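Quick notes on the structure that follows.
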Amino acid sequence: MAKNIPLNERIILALDVEHPEIAKEWVKKTEAKIGYYKVGLQLFLAGWFDTVDWIIDRGHKVMLDLKFFDIPETVKLAVAQIRDHGVSMATIHGNDPIIRAALTERGDLQLLAVTVLTSFGEEDLRAMGMTQSIADLVYFRAKRALELGCDGVVCSGMEAPRLREGLGDKLILVTPGIRPGANILDGSDDQTRIMTAQKAILGGADHVVVGRPITKADKPLDVISALQDEIAQAVG
Ligand code: C5P
């Protein structure tokens, strides 16, 4: 059973900008089409909760993507700090004690475990001393996150089908690394495990995180419309 997610919440626009005012301009420019925004490290460090609260007060959802990774007690207290701001989803990672500690303070916040960054390829795992394939490691981590009680995971669209099939419908799958076909092979990008929005959604993703394909486009609103058309077709 697919989740009933409104089209304007399928794309989570990554507000990777250096100043809260720029982020607010992006929200004003796109909010007729988009109702979900991702605040990551760059913007959060620039404005702390200012932009987060502002976006939520305007009636939109926020994914706060700070990828908490620290000792359990520190992660738990960090989750407590964000819980009461009305953030919809936040990201953590780590081993079982870290995830368990984070979950104790989540309240209504949906906690997503980062599996393997979409900028990583197989050679990056080898360089970090890991011997598993990305596909196996993502599946292993996602299964563990689900068993521990996480609401969802962040993975690439490439892994989404196996996770959806093996782990069921409940788990929220959020997939960054979205690239329209034309950009895929130009070699100028830091994302490695990339996919189109349509394929990601068809493969079982609930939301796609999209940043630069929209924010660096000549006509961002046209890109959003095209992506939403693709997604609407995928969800039927
Ligand atoms: O600009 P682009 O579309 O590549 O933006 C992707 C966003 O998704 C970035 O903000 C990045 O931090 C985030 N992200 C990711 N891979 C993950 C988790 C988050 O690329 N595993």
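Identifiers in the structure tokens: chain A, B, ... in order shown; residue index from 1 per chain; ligand index from 1 in order shown.
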Could you give me the residues within 6 Å of ligand 1, counting only C-alpha atoms and all ligand atoms, as a list in words?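 Result of the 6 Å neighbour search around ligand 1: Ala14, Asp16, Gly40, Val114, Val116, Leu117, Thr118, Val154, Cys155, Pro176, Gly177, Ile178, Val209, Val210, Gly211, Arg212 and Pro213 of chain A.
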Would you mind exporting the chosen residues as an mmCIF file, in the first residue's frame, restricted to all heavy atoms?
```cif
data_model
loop_
_atom_site.group_PDB
_atom_site.id
_atom_site.type_symbol
_atom_site.label_atom_id
_atom_site.label_comp_id
_atom_site.auth_asym_id
_atom_site.auth_seq_id
_atom_site.Cartn_x
_atom_site.Cartn_y
_atom_site.Cartn_z
ATOM 1 N N ALA A 14 16.202 21.011 -1.208
ATOM 2 C CA ALA A 14 17.364 21.215 -0.330
ATOM 3 C C ALA A 14 17.801 22.672 -0.398
ATOM 4 O O ALA A 14 18.266 23.140 -1.435
ATOM 5 C CB ALA A 14 18.507 20.290 -0.749
ATOM 6 N N ASP A 16 20.348 24.511 0.269
ATOM 7 C CA ASP A 16 21.785 24.568 0.564
ATOM 8 C C ASP A 16 22.322 25.925 0.134
ATOM 9 O O ASP A 16 22.953 26.059 -0.923
ATOM 10 C CB ASP A 16 22.508 23.414 -0.151
ATOM 11 C CG ASP A 16 22.105 22.062 0.422
ATOM 12 O OD1 ASP A 16 21.852 21.984 1.640
ATOM 13 O OD2 ASP A 16 22.024 21.091 -0.346
ATOM 14 N N GLY A 40 19.951 22.018 5.854
ATOM 15 C CA GLY A 40 21.129 21.211 6.149
ATOM 16 C C GLY A 40 22.158 22.017 6.919
ATOM 17 O O GLY A 40 21.880 23.112 7.427
ATOM 18 N N VAL A 114 20.529 7.798 8.313
ATOM 19 C CA VAL A 114 21.284 7.874 7.057
ATOM 20 C C VAL A 114 21.931 6.498 6.862
ATOM 21 O O VAL A 114 22.531 5.958 7.793
ATOM 22 C CB VAL A 114 22.369 8.971 7.135
ATOM 23 C CG1 VAL A 114 23.226 8.988 5.879
ATOM 24 C CG2 VAL A 114 21.720 10.341 7.359
ATOM 25 N N VAL A 116 23.970 5.071 3.644
ATOM 26 C CA VAL A 116 25.290 5.379 3.064
ATOM 27 C C VAL A 116 25.097 6.615 2.192
ATOM 28 O O VAL A 116 24.192 6.620 1.342
ATOM 29 C CB VAL A 116 25.820 4.196 2.210
ATOM 30 C CG1 VAL A 116 27.122 4.583 1.501
ATOM 31 C CG2 VAL A 116 26.035 2.958 3.074
ATOM 32 N N LEU A 117 25.899 7.635 2.400
ATOM 33 C CA LEU A 117 25.736 8.886 1.636
ATOM 34 C C LEU A 117 25.693 8.599 0.130
ATOM 35 O O LEU A 117 26.429 7.737 -0.366
ATOM 36 C CB LEU A 117 26.898 9.851 1.925
ATOM 37 C CG LEU A 117 26.983 10.423 3.339
ATOM 38 C CD1 LEU A 117 28.238 11.275 3.470
ATOM 39 C CD2 LEU A 117 25.740 11.235 3.680
ATOM 40 N N THR A 118 24.855 9.367 -0.563
ATOM 41 C CA THR A 118 24.724 9.135 -2.009
ATOM 42 C C THR A 118 25.945 9.611 -2.790
ATOM 43 O O THR A 118 26.064 9.338 -3.981
ATOM 44 C CB THR A 118 23.454 9.814 -2.558
ATOM 45 O OG1 THR A 118 23.377 11.139 -2.040
ATOM 46 C CG2 THR A 118 22.218 9.051 -2.160
ATOM 47 N N VAL A 154 17.459 7.365 4.839
ATOM 48 C CA VAL A 154 17.901 8.072 3.650
ATOM 49 C C VAL A 154 18.797 7.115 2.875
ATOM 50 O O VAL A 154 19.730 6.532 3.448
ATOM 51 C CB VAL A 154 18.694 9.352 4.009
ATOM 52 C CG1 VAL A 154 19.044 10.132 2.750
ATOM 53 C CG2 VAL A 154 17.912 10.216 4.981
ATOM 54 N N CYS A 155 18.487 6.925 1.600
ATOM 55 C CA CYS A 155 19.301 6.027 0.774
ATOM 56 C C CYS A 155 19.263 6.563 -0.649
ATOM 57 O O CYS A 155 18.570 7.539 -0.917
ATOM 58 C CB CYS A 155 18.755 4.601 0.814
ATOM 59 S SG CYS A 155 17.089 4.447 0.124
ATOM 60 N N PRO A 176 18.049 11.253 -1.863
ATOM 61 C CA PRO A 176 18.760 12.343 -2.541
ATOM 62 C C PRO A 176 19.502 11.771 -3.761
ATOM 63 O O PRO A 176 19.276 10.617 -4.136
ATOM 64 C CB PRO A 176 19.753 12.841 -1.501
ATOM 65 C CG PRO A 176 19.585 11.961 -0.295
ATOM 66 C CD PRO A 176 18.793 10.760 -0.704
ATOM 67 N N GLY A 177 20.367 12.576 -4.339
ATOM 68 C CA GLY A 177 21.125 12.099 -5.510
ATOM 69 C C GLY A 177 20.251 12.052 -6.745
ATOM 70 O O GLY A 177 20.428 11.218 -7.631
ATOM 71 N N ILE A 178 19.277 12.957 -6.802
ATOM 72 C CA ILE A 178 18.364 12.984 -7.955
ATOM 73 C C ILE A 178 18.975 13.852 -9.057
ATOM 74 O O ILE A 178 19.386 14.990 -8.810
ATOM 75 C CB ILE A 178 16.982 13.549 -7.532
ATOM 76 C CG1 ILE A 178 16.336 12.642 -6.482
ATOM 77 C CG2 ILE A 178 16.074 13.748 -8.750
ATOM 78 C CD1 ILE A 178 16.121 11.193 -6.891
ATOM 79 N N VAL A 209 14.911 14.126 -2.424
ATOM 80 C CA VAL A 209 15.550 15.389 -2.032
ATOM 81 C C VAL A 209 16.249 15.942 -3.270
ATOM 82 O O VAL A 209 17.048 15.246 -3.890
ATOM 83 C CB VAL A 209 16.595 15.150 -0.914
ATOM 84 C CG1 VAL A 209 17.430 16.413 -0.699
ATOM 85 C CG2 VAL A 209 15.910 14.746 0.378
ATOM 86 N N VAL A 210 15.914 17.151 -3.627
ATOM 87 C CA VAL A 210 16.531 17.754 -4.815
ATOM 88 C C VAL A 210 17.064 19.134 -4.442
ATOM 89 O O VAL A 210 16.328 19.950 -3.879
ATOM 90 C CB VAL A 210 15.529 17.892 -5.984
ATOM 91 C CG1 VAL A 210 16.269 18.319 -7.255
ATOM 92 C CG2 VAL A 210 14.754 16.602 -6.226
ATOM 93 N N GLY A 211 18.325 19.358 -4.731
ATOM 94 C CA GLY A 211 18.930 20.658 -4.472
ATOM 95 C C GLY A 211 19.359 21.315 -5.762
ATOM 96 O O GLY A 211 18.573 21.964 -6.449
ATOM 97 N N ARG A 212 20.612 21.108 -6.128
ATOM 98 C CA ARG A 212 21.197 21.838 -7.254
ATOM 99 C C ARG A 212 20.470 21.704 -8.594
ATOM 100 O O ARG A 212 20.429 22.683 -9.346
ATOM 101 C CB ARG A 212 22.686 21.465 -7.375
ATOM 102 C CG ARG A 212 23.504 22.054 -6.235
ATOM 103 C CD ARG A 212 24.832 21.386 -6.056
ATOM 104 N NE ARG A 212 24.682 20.009 -5.596
ATOM 105 C CZ ARG A 212 25.695 19.204 -5.359
ATOM 106 N NH1 ARG A 212 26.929 19.621 -5.534
ATOM 107 N NH2 ARG A 212 25.476 17.968 -4.932
ATOM 108 N N PRO A 213 19.887 20.529 -8.913
ATOM 109 C CA PRO A 213 19.166 20.490 -10.206
ATOM 110 C C PRO A 213 18.066 21.548 -10.280
ATOM 111 O O PRO A 213 17.701 21.991 -11.370
ATOM 112 C CB PRO A 213 18.575 19.070 -10.231
ATOM 113 C CG PRO A 213 19.511 18.264 -9.395
ATOM 114 C CD PRO A 213 19.947 19.205 -8.295
#
```
Please run DSSP on the backbone and report, as number ranges by chain, all residues within stretch 5-236 of chain A that come out as helix (DSSP H, G or I). A: 7-9, 20-30, 41-47, 50-57, 72-83, 96-104, 122-127, 134-148, 160-167, 181-183, 197-202, 212-215, 220-235
Of the residues A:Ser88, A:Ser156, A:Gln42, A:Gln228, which is the one nearest to A:Val174, using only C-alpha atoms?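 Under the stated criterion, the closest residue is A:Ser156.
Inside stretch 85-166 of chain A, the residues DSSP reads as strand (DSSP E or B) when given the backbone are Met89, Ala90, Thr91, Ile92, Gln110, Leu111, Leu112, Ala113, Val114, Gly152, Val153 and Val154 of chain A.
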Extract, using only C-alpha atoms, all DNA, RNA and protein residues at most 12 Å from A:Leu171, discarding same-chain residues fewer than 3 positions from it, and format them as number ranges by chain. A: 1-3, 110-113, 142-155, 160, 163-168, 174, 204-207
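For the pair atom CA of A:Ala78 and atom CA of A:Asp124, the separation is 28.6 Å.
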Fewer than 2 positions away in the same chain doesn't count, so skip those; otherwise give me all residues within 8 Å of stretch 25-39 of chain A, counting only C-alpha atoms, as a PyMOL selection string. chain A and resi 8-16+21-23+41+43-44+52+55+59-65+209+221+224-225
Find the spatial neighbours of stretch 95-103 of chain A, counting only C-alpha atoms, within a cut-off of 7 Å - ignore same-chain residues fewer than 2 positions away - and output them as a PDB file with all heavy atoms, in the first residue's frame.
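Full text of around_28.pdb as output:
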```
ATOM      1  N   ILE A  71      28.253  10.469  20.704  1.00  0.00           N
ATOM      2  CA  ILE A  71      27.917   9.455  21.711  1.00  0.00           C
ATOM      3  C   ILE A  71      26.410   9.533  22.002  1.00  0.00           C
ATOM      4  O   ILE A  71      25.785  10.577  21.788  1.00  0.00           O
ATOM      5  CB  ILE A  71      28.738   9.650  23.008  1.00  0.00           C
ATOM      6  CG1 ILE A  71      28.458  11.026  23.625  1.00  0.00           C
ATOM      7  CG2 ILE A  71      30.226   9.455  22.738  1.00  0.00           C
ATOM      8  CD1 ILE A  71      28.962  11.163  25.043  1.00  0.00           C
ATOM      9  N   PRO A  72      25.824   8.406  22.455  1.00  0.00           N
ATOM     10  CA  PRO A  72      24.364   8.359  22.609  1.00  0.00           C
ATOM     11  C   PRO A  72      23.777   9.530  23.391  1.00  0.00           C
ATOM     12  O   PRO A  72      22.781  10.131  22.974  1.00  0.00           O
ATOM     13  CB  PRO A  72      24.133   7.023  23.327  1.00  0.00           C
ATOM     14  CG  PRO A  72      25.270   6.166  22.884  1.00  0.00           C
ATOM     15  CD  PRO A  72      26.439   7.091  22.747  1.00  0.00           C
ATOM     16  N   GLU A  73      24.372   9.875  24.520  1.00  0.00           N
ATOM     17  CA  GLU A  73      23.790  10.930  25.358  1.00  0.00           C
ATOM     18  C   GLU A  73      23.769  12.278  24.612  1.00  0.00           C
ATOM     19  O   GLU A  73      22.778  13.016  24.683  1.00  0.00           O
ATOM     20  CB  GLU A  73      24.610  11.047  26.653  1.00  0.00           C
ATOM     21  CG  GLU A  73      24.068  12.034  27.666  1.00  0.00           C
ATOM     22  CD  GLU A  73      22.707  11.628  28.247  1.00  0.00           C
ATOM     23  OE1 GLU A  73      22.235  10.493  27.995  1.00  0.00           O
ATOM     24  OE2 GLU A  73      22.111  12.478  28.951  1.00  0.00           O
ATOM     25  N   VAL A  75      23.707  12.751  21.327  1.00  0.00           N
ATOM     26  CA  VAL A  75      22.716  12.701  20.240  1.00  0.00           C
ATOM     27  C   VAL A  75      21.306  12.827  20.812  1.00  0.00           C
ATOM     28  O   VAL A  75      20.459  13.549  20.281  1.00  0.00           O
ATOM     29  CB  VAL A  75      22.882  11.401  19.416  1.00  0.00           C
ATOM     30  CG1 VAL A  75      21.712  11.198  18.472  1.00  0.00           C
ATOM     31  CG2 VAL A  75      24.196  11.444  18.646  1.00  0.00           C
ATOM     32  N   LYS A  76      21.078  12.156  21.932  1.00  0.00           N
ATOM     33  CA  LYS A  76      19.762  12.232  22.581  1.00  0.00           C
ATOM     34  C   LYS A  76      19.405  13.681  22.933  1.00  0.00           C
ATOM     35  O   LYS A  76      18.306  14.168  22.651  1.00  0.00           O
ATOM     36  CB  LYS A  76      19.820  11.372  23.851  1.00  0.00           C
ATOM     37  CG  LYS A  76      18.595  11.371  24.693  1.00  0.00           C
ATOM     38  CD  LYS A  76      18.812  10.454  25.888  1.00  0.00           C
ATOM     39  CE  LYS A  76      18.252  11.090  27.133  1.00  0.00           C
ATOM     40  NZ  LYS A  76      18.505  10.278  28.326  1.00  0.00           N
ATOM     41  N   VAL A  79      18.652  15.747  19.802  1.00  0.00           N
ATOM     42  CA  VAL A  79      17.292  15.481  19.292  1.00  0.00           C
ATOM     43  C   VAL A  79      16.269  16.245  20.124  1.00  0.00           C
ATOM     44  O   VAL A  79      15.332  16.838  19.593  1.00  0.00           O
ATOM     45  CB  VAL A  79      16.991  13.959  19.271  1.00  0.00           C
ATOM     46  CG1 VAL A  79      15.514  13.693  18.973  1.00  0.00           C
ATOM     47  CG2 VAL A  79      17.868  13.253  18.236  1.00  0.00           C
ATOM     48  N   HIS A  93      22.715   9.198  12.437  1.00  0.00           N
ATOM     49  CA  HIS A  93      23.259   7.889  12.099  1.00  0.00           C
ATOM     50  C   HIS A  93      24.121   7.375  13.222  1.00  0.00           C
ATOM     51  O   HIS A  93      24.329   8.041  14.227  1.00  0.00           O
ATOM     52  CB  HIS A  93      23.929   7.857  10.722  1.00  0.00           C
ATOM     53  CG  HIS A  93      25.175   8.640  10.565  1.00  0.00           C
ATOM     54  ND1 HIS A  93      26.332   8.059  10.142  1.00  0.00           N
ATOM     55  CD2 HIS A  93      25.431   9.936  10.730  1.00  0.00           C
ATOM     56  CE1 HIS A  93      27.257   8.997  10.059  1.00  0.00           C
ATOM     57  NE2 HIS A  93      26.740  10.146  10.408  1.00  0.00           N
ATOM     58  N   GLU A 105      13.978  10.582  22.611  1.00  0.00           N
ATOM     59  CA  GLU A 105      13.607  12.004  22.701  1.00  0.00           C
ATOM     60  C   GLU A 105      12.861  12.499  21.475  1.00  0.00           C
ATOM     61  O   GLU A 105      12.692  13.693  21.283  1.00  0.00           O
ATOM     62  CB  GLU A 105      14.873  12.858  22.892  1.00  0.00           C
ATOM     63  CG  GLU A 105      15.533  12.695  24.231  1.00  0.00           C
ATOM     64  CD  GLU A 105      14.697  13.275  25.378  1.00  0.00           C
ATOM     65  OE1 GLU A 105      13.820  14.122  25.119  1.00  0.00           O
ATOM     66  OE2 GLU A 105      14.934  12.865  26.529  1.00  0.00           O
ATOM     67  N   ARG A 106      12.400  11.582  20.614  1.00  0.00           N
ATOM     68  CA  ARG A 106      11.919  12.085  19.324  1.00  0.00           C
ATOM     69  C   ARG A 106      10.560  12.776  19.369  1.00  0.00           C
ATOM     70  O   ARG A 106      10.252  13.613  18.538  1.00  0.00           O
ATOM     71  CB  ARG A 106      11.928  10.968  18.289  1.00  0.00           C
ATOM     72  CG  ARG A 106      10.590  10.311  18.050  1.00  0.00           C
ATOM     73  CD  ARG A 106      10.667   9.242  17.048  1.00  0.00           C
ATOM     74  NE  ARG A 106      10.421   7.974  17.725  1.00  0.00           N
ATOM     75  CZ  ARG A 106      10.169   6.852  17.103  1.00  0.00           C
ATOM     76  NH1 ARG A 106      10.189   6.801  15.808  1.00  0.00           N
ATOM     77  NH2 ARG A 106       9.916   5.759  17.783  1.00  0.00           N
ATOM     78  N   LEU A 148      14.946  -1.021  15.180  1.00  0.00           N
ATOM     79  CA  LEU A 148      15.147  -0.195  16.381  1.00  0.00           C
ATOM     80  C   LEU A 148      14.006   0.797  16.592  1.00  0.00           C
ATOM     81  O   LEU A 148      13.853   1.346  17.676  1.00  0.00           O
ATOM     82  CB  LEU A 148      16.474   0.567  16.270  1.00  0.00           C
ATOM     83  CG  LEU A 148      17.737  -0.297  16.396  1.00  0.00           C
ATOM     84  CD1 LEU A 148      18.956   0.479  15.927  1.00  0.00           C
ATOM     85  CD2 LEU A 148      17.934  -0.766  17.832  1.00  0.00           C
TER      86      LEU A 148
END
```
Considering only C-alpha atoms, state which residue in the set A:Leu109, A:Val17, A:Ile201, A:Ile214 is at the smallest distance from A:Ala234.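 Among the listed residues, A:Ile201 lies closest to A:Ala234.
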